[in-house]
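Q: File follows, upload_27.cif with mmCIF, C-alpha atoms:
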data_data
#
loop_
_atom_site.label_atom_id
_atom_site.label_comp_id
_atom_site.auth_asym_id
_atom_site.auth_seq_id
_atom_site.Cartn_x
_atom_site.Cartn_y
_atom_site.Cartn_z
CA MET A 552 0.00 0.00 0.00
CA SER A 553 1.29 3.45 -0.87
CA THR A 554 1.76 5.77 2.10
CA ARG A 555 1.66 9.55 2.37
CA LEU A 556 5.48 9.41 2.55
CA ASP A 557 5.72 7.32 -0.63
CA HIS A 558 3.37 9.68 -2.46
CA VAL A 559 5.43 12.78 -1.63
CA LEU A 560 8.94 11.39 -2.11
CA ASN A 561 8.15 9.43 -5.28
CA GLY A 562 6.28 12.44 -6.66
CA LEU A 563 9.40 14.57 -6.14
CA LYS A 564 11.56 11.98 -7.91
CA GLU A 565 9.20 11.92 -10.88
CA LYS A 566 9.46 15.71 -11.14
CA GLY A 567 13.25 15.66 -10.82
CA ARG A 568 13.14 17.61 -7.55
CA LYS A 569 15.07 16.91 -4.36
CA GLY A 570 13.26 16.23 -1.11
CA LEU A 571 13.86 18.51 1.88
CA ILE A 572 13.36 16.72 5.20
CA ILE A 573 13.50 19.00 8.24
CA TYR A 574 14.10 17.71 11.77
CA LEU A 575 12.33 19.52 14.61
CA THR A 576 12.43 18.47 18.26
CA ALA A 577 8.93 17.93 19.62
CA GLY A 578 8.39 20.28 22.54
CA MET A 579 10.77 23.00 21.38
CA PRO A 580 10.24 25.71 22.30
CA ASP A 581 6.99 24.15 23.61
CA ALA A 582 4.12 22.09 22.18
CA GLN A 583 2.39 24.98 20.41
CA GLY A 584 5.73 26.31 19.24
CA THR A 585 6.46 22.95 17.60
CA ILE A 586 3.09 22.98 15.84
CA ASP A 587 3.69 26.52 14.59
CA ALA A 588 7.21 25.62 13.44
CA VAL A 589 5.88 22.69 11.41
CA ARG A 590 3.31 24.92 9.76
CA ARG A 591 5.91 27.54 8.87
CA ALA A 592 8.45 24.93 7.73
CA GLU A 593 5.93 23.53 5.28
CA GLU A 594 5.17 27.02 3.97
CA ALA A 595 8.92 27.60 3.54
CA GLY A 596 9.33 24.50 1.38
CA ALA A 597 9.89 21.48 3.64
CA ASP A 598 8.56 18.25 2.09
CA VAL A 599 8.75 16.02 5.17
CA ILE A 600 9.10 16.70 8.88
CA GLU A 601 11.26 14.43 11.01
CA LEU A 602 9.76 14.94 14.45
CA GLY A 603 12.27 14.28 17.21
CA LEU A 604 10.93 12.29 20.17
CA PRO A 605 12.86 13.73 23.14
CA PHE A 606 15.03 11.26 25.06
CA SER A 607 17.53 11.76 27.87
CA ASP A 608 20.42 10.00 26.07
CA PRO A 609 20.15 10.62 22.31
CA MET A 610 23.27 8.71 21.32
CA ALA A 611 23.19 9.60 17.60
CA ASP A 612 22.76 13.31 18.21
CA GLY A 613 25.27 16.07 18.73
CA PRO A 614 25.17 18.88 21.31
CA VAL A 615 22.49 21.00 19.61
CA ILE A 616 19.83 18.30 19.46
CA GLN A 617 20.92 16.96 22.85
CA THR A 618 20.26 20.43 24.30
CA ALA A 619 16.87 20.61 22.59
CA SER A 620 15.88 17.16 23.87
CA VAL A 621 16.80 18.01 27.45
CA ALA A 622 14.90 21.31 27.27
CA ALA A 623 11.83 19.57 25.85
CA LEU A 624 11.91 16.94 28.60
CA LYS A 625 12.28 19.60 31.27
CA GLY A 626 9.25 21.28 29.71
CA GLY A 627 7.23 18.13 30.31
CA MET A 628 7.27 16.60 26.82
CA THR A 629 6.29 12.91 26.69
CA LEU A 630 5.38 10.48 23.93
CA ALA A 631 1.70 10.96 24.78
CA LYS A 632 2.11 14.71 24.29
CA VAL A 633 4.01 14.17 21.04
CA ARG A 634 1.02 12.15 19.84
CA GLU A 635 -1.19 15.15 20.61
CA ILE A 636 1.18 17.37 18.60
CA VAL A 637 0.87 15.01 15.62
CA GLN A 638 -2.92 15.09 15.91
CA ALA A 639 -2.87 18.89 15.98
CA ILE A 640 -0.64 19.06 12.89
CA ARG A 641 -3.01 16.75 11.02
CA ARG A 642 -5.77 19.32 11.44
CA PHE A 643 -4.02 21.61 8.96
CA SER A 644 -1.43 19.58 7.05
CA GLU A 645 -1.03 16.38 5.04
CA MET A 646 2.76 16.72 4.95
CA PRO A 647 4.46 13.44 5.91
CA LEU A 648 5.61 13.24 9.54
CA VAL A 649 8.27 10.73 10.55
CA GLY A 650 9.18 10.15 14.19
CA MET A 651 12.84 10.00 15.16
CA GLY A 652 13.56 8.53 18.57
CA TYR A 653 15.26 5.93 20.69
CA VAL A 654 14.13 2.43 21.45
CA ASN A 655 13.94 2.67 25.28
CA ASN A 656 11.20 5.30 24.97
CA MET A 657 9.19 3.11 22.63
CA LEU A 658 9.67 -0.10 24.59
CA HIS A 659 8.52 1.66 27.75
CA TYR A 660 5.44 2.87 25.88
CA GLY A 661 4.99 -0.59 24.32
CA PHE A 662 6.22 -0.88 20.75
CA PRO A 663 3.05 -2.37 19.19
CA ARG A 664 0.99 0.26 21.01
CA PHE A 665 3.41 2.99 19.89
CA VAL A 666 2.99 2.02 16.24
CA GLU A 667 -0.80 1.73 16.50
CA ASP A 668 -1.25 4.99 18.42
CA PHE A 669 1.08 7.11 16.31
CA LYS A 670 -0.21 5.69 13.04
CA ALA A 671 -3.73 6.55 14.18
CA ALA A 672 -2.60 10.05 15.16
CA GLY A 673 -1.21 10.66 11.68
CA MET A 674 2.49 9.78 11.83
CA ASP A 675 3.93 8.13 8.72
CA GLY A 676 6.85 6.07 10.00
CA VAL A 677 9.73 6.03 12.45
CA ILE A 678 13.53 6.24 12.62
CA ILE A 679 15.24 4.39 15.49
CA PRO A 680 19.01 4.89 15.26
CA ASP A 681 19.95 2.70 18.22
CA VAL A 682 18.39 -0.51 16.83
CA PRO A 683 20.62 -2.14 14.18
CA HIS A 684 19.01 -3.87 11.23
CA GLU A 685 19.98 -7.30 12.54
CA GLU A 686 17.98 -6.74 15.74
CA SER A 687 14.95 -5.01 14.26
CA GLY A 688 13.17 -7.96 12.66
CA GLU A 689 10.25 -8.12 15.07
CA MET A 690 9.85 -4.34 15.00
CA ARG A 691 9.88 -4.33 11.20
CA GLU A 692 7.13 -6.97 11.17
CA ILE A 693 4.97 -4.89 13.50
CA CYS A 694 5.56 -1.77 11.42
CA ALA A 695 4.84 -3.57 8.15
CA ALA A 696 1.56 -4.88 9.52
CA HIS A 697 0.46 -1.28 10.09
CA ASP A 698 1.96 0.19 6.88
CA PHE A 699 4.27 2.26 9.10
CA PRO A 700 7.81 2.23 7.67
CA LEU A 701 10.81 1.69 9.95
CA MET A 702 13.61 3.50 8.13
CA GLU A 703 16.88 1.75 7.36
CA PHE A 704 20.37 3.28 7.51
CA ILE A 705 23.45 3.11 5.33
CA THR A 706 26.81 4.76 6.10
CA PRO A 707 30.24 5.19 4.49
CA GLY A 708 31.24 2.01 6.32
CA THR A 709 28.34 -0.21 5.23
CA THR A 710 29.63 -3.41 3.62
CA GLU A 711 28.25 -4.68 0.32
CA GLU A 712 26.66 -7.70 2.00
CA ARG A 713 24.99 -5.63 4.71
CA MET A 714 23.86 -3.02 2.20
CA GLU A 715 22.09 -5.65 0.11
CA GLU A 716 20.33 -7.03 3.20
CA THR A 717 19.40 -3.58 4.51
CA CYS A 718 18.10 -2.29 1.19
CA LYS A 719 16.05 -5.43 0.58
CA ASP A 720 13.85 -4.58 3.57
CA ALA A 721 13.81 -0.79 3.13
CA ARG A 722 10.57 1.19 2.97
CA GLY A 723 9.79 4.89 3.13
CA PHE A 724 13.30 6.25 2.61
CA ILE A 725 16.82 5.12 3.47
CA TYR A 726 18.71 7.40 5.85
CA CYS A 727 22.19 7.84 4.38
CA ILE A 728 24.56 9.03 7.12
CA SER A 729 27.14 11.28 5.52
CA ASN A 730 30.00 10.76 7.96
CA TYR A 731 31.17 9.00 11.09
CA GLY A 732 30.04 10.63 14.32
CA VAL A 733 26.91 12.32 15.58
CA THR A 734 24.54 14.93 14.18
CA GLY A 735 25.71 18.53 13.87
CA VAL A 736 26.82 21.05 11.28
CA LYS A 737 30.29 20.33 9.85
CA GLU A 738 32.19 20.43 6.57
CA ILE A 739 31.56 17.19 4.64
CA ASP A 740 32.80 15.67 1.39
CA TYR A 741 29.44 14.39 0.16
CA SER A 742 31.01 12.46 -2.70
CA ILE A 743 31.90 9.74 -0.19
CA ILE A 744 28.31 9.02 0.82
CA GLY A 745 27.43 9.64 -2.83
CA GLY A 746 29.44 6.55 -3.76
CA VAL A 747 27.55 4.58 -1.11
CA CYS A 748 24.24 5.82 -2.52
CA LYS A 749 25.30 4.75 -6.00
CA ALA A 750 26.06 1.26 -4.68
CA ALA A 751 22.71 1.11 -2.87
CA ARG A 752 20.91 1.78 -6.15
CA ARG A 753 21.86 -1.76 -7.22
CA TYR A 754 19.56 -3.11 -4.54
CA THR A 755 16.67 -0.67 -4.12
CA ASP A 756 14.54 2.02 -5.72
CA VAL A 757 13.51 3.41 -2.32
CA PRO A 758 14.38 7.13 -2.05
CA LEU A 759 17.77 7.92 -0.49
CA ALA A 760 18.12 10.91 1.85
CA ILE A 761 21.47 12.21 3.13
CA GLY A 762 21.70 13.52 6.68
CA PHE A 763 24.28 14.64 9.28
CA GLY A 764 26.30 17.81 8.83
CA ILE A 765 24.14 19.84 6.43
CA GLY A 766 24.02 23.40 7.72
CA THR A 767 23.91 25.77 4.74
CA PRO A 768 22.02 26.05 1.45
CA GLU A 769 25.29 25.36 -0.38
CA ALA A 770 25.86 22.16 1.61
CA ALA A 771 22.27 21.08 0.97
CA ALA A 772 22.79 21.55 -2.76
CA ARG A 773 26.04 19.55 -2.72
CA ALA A 774 24.46 16.71 -0.75
CA GLY A 775 21.33 16.81 -2.90
CA LYS A 776 23.39 16.02 -6.00
CA GLN A 777 24.26 12.65 -4.46
CA ALA A 778 20.79 11.43 -3.44
CA ASP A 779 17.04 11.96 -3.70
CA GLY A 780 16.85 14.33 -0.76
CA VAL A 781 18.55 15.84 2.27
CA ILE A 782 17.84 15.84 5.99
CA VAL A 783 18.55 19.00 7.97
CA GLY A 784 18.30 19.18 11.75
CA SER A 785 20.88 20.87 13.95
CA ALA A 786 21.15 24.05 11.88
CA VAL A 787 17.41 24.70 12.22
CA VAL A 788 17.08 23.48 15.82
CA LYS A 789 19.95 25.78 16.88
CA GLN A 790 17.95 28.78 15.67
CA ILE A 791 14.91 27.62 17.64
CA ILE A 792 16.98 27.12 20.80
CA GLU A 793 18.27 30.67 20.41
CA GLY A 794 14.74 32.00 20.01
CA ASN A 795 15.25 32.87 16.37
CA ILE A 796 12.47 30.88 14.71
CA ASP A 797 12.39 33.38 11.84
CA GLY A 798 16.03 32.60 11.12
CA GLY A 799 15.33 28.87 11.11
CA ILE A 800 12.43 29.28 8.70
CA GLN A 801 14.51 31.50 6.42
CA LEU A 802 17.22 28.84 6.37
CA ILE A 803 14.63 26.26 5.25
CA ALA A 804 13.43 28.59 2.49
CA ASP A 805 17.01 29.23 1.34
CA MET A 806 17.73 25.48 1.28
CA ARG A 807 14.61 24.88 -0.76
CA LYS A 808 15.77 27.44 -3.31
CA ALA A 809 19.26 25.93 -3.42
CA LEU A 810 17.91 22.42 -3.99
CA ASP A 811 15.53 23.61 -6.70
CA ALA A 812 18.35 25.48 -8.43
#
Take the structure I supplied and represent it as structure tokens, if you would.
A:
Amino acid sequence: MSTRLDHVLNGLKEKGRKGLIIYLTAGMPDAQGTIDAVRRAEEAGADVIELGLPFSDPMADGPVIQTASVAALKGGMTLAKVREIVQAIRRFSEMPLVGMGYVNNMLHYGFPRFVEDFKAAGMDGVIIPDVPHEESGEMREICAAHDFPLMEFITPGTTEERMEETCKDARGFIYCISNYGVTGVKEIDYSIIGGVCKAARRYTDVPLAIGFGIGTPEAAARAGKQADGVIVGSAVVKQIIEGNIDGGIQLIADMRKALDA
């Protein structure tokens, strides 16, 4: 069955356009602020929102998103409240929403219940960076039963054998990590992950999106040449942390223009 995420990303590919996936931490600066940021991000040209599910130990994230997660938790953000945020967004938008969080949160909530509740609320899939492909079989089965993609990862270090296995099961989009380390703006040679993306194309037609390190329109354009889309998080979240939501939205708009150019 085609999902909202499939419809948007495949539609962009057919038009020769690059997808712009924007990460926002749920609960930053607060629940209503997150809802408003999603609305404005869509108006600025975001195609998909990756909604961060705050967790105390976000092992894949750098200092900016760590800071945002801690602030959101201190503000009282929970998975139940994130679900309410998703429901509120669905009152005005059909833009795909993908959760990005850590497995302890979801296991505490109950993973089958998490998938059922968030699918019903209007979420379109989930990214769980601390569950490797080899250990995600049961989770993938639960997600598949609810047409709720669990995104796969590839990296510069992914072996050919593991890439084939990972891509075989991929749905939604494949998260292509541009470099070793955690999230955060940095200077990246995107041709390296570009070579990985080229290899992945032997095994899948699922859209490929490059994330980690993209902080400027120029970097987004360079990364976009290597894949079907880009994922931008820390650069936007930093602006929100600093109280400069207008700056974050302008950055999204500038990235959209750079990708379209």
Q: Given the choices A:Leu810, A:Ile800, A:Ala772, A:Met657, which gets closest to Val788 of chain A if the distance is worked out from only C-alpha atoms?
A: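 Under the stated criterion, the closest residue is A:Ile800.
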Q: Which residues, named as in the file, does the PyMOL selection byres ((chain A and resi 632-646) around 8) pick out? Answer as an MDAnalysis selection string.
A: chainID A and resid 555 577:578 582:583 585:586 589:590 593 598:600 604 628:631 647:648 668:669 672:674
Q: Deliver the residues from the most recent selection as a file, using C-alpha atoms, as a short mmCIF file (atom, residue, chain, number, x, y, z; two decimals), in the coordinates of the input.
A:
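Below you can see again_23.cif, which holds the result:
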data_model
loop_
_atom_site.label_atom_id
_atom_site.label_comp_id
_atom_site.auth_asym_id
_atom_site.auth_seq_id
_atom_site.Cartn_x
_atom_site.Cartn_y
_atom_site.Cartn_z
CA ARG A 555 1.66 9.55 2.37
CA ALA A 577 8.93 17.93 19.62
CA GLY A 578 8.39 20.28 22.54
CA ALA A 582 4.12 22.09 22.18
CA GLN A 583 2.39 24.98 20.41
CA THR A 585 6.46 22.95 17.60
CA ILE A 586 3.09 22.98 15.84
CA VAL A 589 5.88 22.69 11.41
CA ARG A 590 3.31 24.92 9.76
CA GLU A 593 5.93 23.53 5.28
CA ASP A 598 8.56 18.25 2.09
CA VAL A 599 8.75 16.02 5.17
CA ILE A 600 9.10 16.70 8.88
CA LEU A 604 10.93 12.29 20.17
CA MET A 628 7.27 16.60 26.82
CA THR A 629 6.29 12.91 26.69
CA LEU A 630 5.38 10.48 23.93
CA ALA A 631 1.70 10.96 24.78
CA PRO A 647 4.46 13.44 5.91
CA LEU A 648 5.61 13.24 9.54
CA ASP A 668 -1.25 4.99 18.42
CA PHE A 669 1.08 7.11 16.31
CA ALA A 672 -2.60 10.05 15.16
CA GLY A 673 -1.21 10.66 11.68
CA MET A 674 2.49 9.78 11.83
#
Q: Give me, please, the distance in Å between atom CA of Arg773 of chain A and atom CA of Lys566 of chain A, quoted to one decimal.
A: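 These two atoms are separated by 19.0 Å.
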Q: Under the PyMOL selection byres ((chain A and resi 698-707) around 7), which residues of this model are included? Write them out as a VMD selection string.
A: chain A and resid 670 675 to 678 691 694 to 697 708 to 709 714 717 721 to 730 743 to 744 747
Q: Running the PyMOL selection byres ((chain A and resi 760) around 6) on this model by hand, what would come out? Give it as a list in words.
A: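 When the PyMOL selection byres ((chain A and resi 760) around 6) is applied, the selected residues are Tyr726, Cys727, Leu759, Ile761, Ala778, Asp779, Gly780 and Val781 of chain A.
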Q: Take the point (15.5, 28.3, 18.9) as written in the file and pick out every residue within 12 Å of it, counting only C-alpha atoms; give the list as a PyMOL selection string.
A: chain A and resi 575-576+578-581+584-585+588+615-616+618-619+622-623+784-800
Q: Would you kindly return, as a list in words, each protein, DNA or RNA residue with an atom no farther than 6 Å from any atom of Tyr754 of chain A, considering only C-alpha atoms and excluding same-chain residues fewer than 3 positions away?
A: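 Surrounding residues, per the criterion: Glu715, Cys718 and Ala751 of chain A.
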Q: Around segment 654-657 of chain A, with edges along x, y and z and 3 Å added on all six sides, what centre and edge lengths do you get, in Å to one decimal, as lines of an AutoDock Vina configuration file?
A:
center_x = 11.7
center_y = 3.9
center_z = 23.4
size_x = 10.9
size_y = 8.9
size_z = 9.8
Q: What is the distance, in Å and to one decimal place, between atom CA of Gly775 of chain A and atom CA of Lys569 of chain A?
A: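 Going from atom CA of Gly775 of chain A over to atom CA of Lys569 of chain A, I get 6.4 Å.
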Q: How many Å separate atom CA of Asp805 of chain A from atom CA of Gly762 of chain A?
A: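 If I compute the distance from atom CA of Asp805 of chain A to atom CA of Gly762 of chain A, I get 17.2 Å.
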Q: Tell me which of A:Arg807, A:Arg713, A:Gly626, A:Ile693 sits closest to Glu667 of chain A, counting only C-alpha atoms.
A: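 Between A:Arg807, A:Arg713, A:Gly626, A:Ile693, the residue approaching Glu667 of chain A most closely is A:Ile693.
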Q: Which of these, A:Asp612, A:Glu565, A:Glu594, A:Asp587, has the shortest distance to Pro680 of chain A once you count only C-alpha atoms?
A: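 Nearest candidate to Pro680 of chain A out of A:Asp612, A:Glu565, A:Glu594, A:Asp587: A:Asp612.
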Q: Please return segment 612-623 of chain A, rebuilt to all heavy atoms, as a tab-separated table (two decimals), keeping the file's coordinate frame.
A:
chain	number	residue	atom	x	y	z
A	612	ASP	N	22.88	11.87	18.39
A	612	ASP	CA	22.76	13.31	18.21
A	612	ASP	C	23.89	14.08	18.86
A	612	ASP	O	24.39	13.71	19.92
A	612	ASP	CB	21.42	13.79	18.78
A	612	ASP	CG	20.25	13.28	17.96
A	612	ASP	OD1	20.25	13.52	16.75
A	612	ASP	OD2	19.35	12.63	18.53
A	613	GLY	N	24.25	15.19	18.21
A	613	GLY	CA	25.27	16.07	18.73
A	613	GLY	C	24.72	17.04	19.75
A	613	GLY	O	23.56	16.95	20.16
A	614	PRO	N	25.53	18.01	20.19
A	614	PRO	CA	25.17	18.88	21.31
A	614	PRO	C	23.92	19.73	21.08
A	614	PRO	O	23.19	20.00	22.03
A	614	PRO	CB	26.41	19.76	21.50
A	614	PRO	CG	27.22	19.61	20.25
A	614	PRO	CD	26.92	18.25	19.73
A	615	VAL	N	23.66	20.14	19.85
A	615	VAL	CA	22.49	21.00	19.61
A	615	VAL	C	21.19	20.23	19.88
A	615	VAL	O	20.32	20.68	20.63
A	615	VAL	CB	22.49	21.55	18.17
A	615	VAL	CG1	21.16	22.23	17.85
A	615	VAL	CG2	23.64	22.53	17.99
A	616	ILE	N	21.06	19.07	19.27
A	616	ILE	CA	19.83	18.30	19.46
A	616	ILE	C	19.76	17.71	20.86
A	616	ILE	O	18.68	17.58	21.44
A	616	ILE	CB	19.68	17.24	18.35
A	616	ILE	CG1	19.47	17.96	17.01
A	616	ILE	CG2	18.53	16.29	18.63
A	616	ILE	CD1	19.40	17.06	15.80
A	617	GLN	N	20.92	17.38	21.45
A	617	GLN	CA	20.92	16.96	22.85
A	617	GLN	C	20.33	18.06	23.73
A	617	GLN	O	19.49	17.80	24.60
A	617	GLN	CB	22.34	16.64	23.31
A	617	GLN	CG	22.92	15.36	22.75
A	617	GLN	CD	24.33	15.11	23.24
A	617	GLN	OE1	24.75	15.64	24.27
A	617	GLN	NE2	25.09	14.31	22.51
A	618	THR	N	20.76	19.29	23.52
A	618	THR	CA	20.26	20.43	24.30
A	618	THR	C	18.76	20.60	24.11
A	618	THR	O	18.02	20.82	25.08
A	618	THR	CB	20.99	21.71	23.88
A	618	THR	OG1	22.39	21.57	24.16
A	618	THR	CG2	20.46	22.93	24.63
A	619	ALA	N	18.30	20.47	22.87
A	619	ALA	CA	16.87	20.61	22.59
A	619	ALA	C	16.08	19.51	23.26
A	619	ALA	O	14.99	19.76	23.81
A	619	ALA	CB	16.64	20.59	21.08
A	620	SER	N	16.58	18.28	23.25
A	620	SER	CA	15.88	17.16	23.87
A	620	SER	C	15.75	17.36	25.38
A	620	SER	O	14.68	17.14	25.96
A	620	SER	CB	16.62	15.85	23.58
A	620	SER	OG	16.52	15.50	22.23
A	621	VAL	N	16.84	17.78	26.01
A	621	VAL	CA	16.80	18.01	27.45
A	621	VAL	C	15.81	19.12	27.79
A	621	VAL	O	15.01	18.99	28.74
A	621	VAL	CB	18.21	18.36	27.98
A	621	VAL	CG1	18.15	18.85	29.42
A	621	VAL	CG2	19.13	17.14	27.88
A	622	ALA	N	15.82	20.20	27.02
A	622	ALA	CA	14.90	21.31	27.27
A	622	ALA	C	13.45	20.86	27.11
A	622	ALA	O	12.57	21.24	27.89
A	622	ALA	CB	15.21	22.47	26.33
A	623	ALA	N	13.19	20.05	26.07
A	623	ALA	CA	11.83	19.57	25.85
A	623	ALA	C	11.37	18.67	26.99
A	623	ALA	O	10.22	18.76	27.45
A	623	ALA	CB	11.75	18.83	24.52
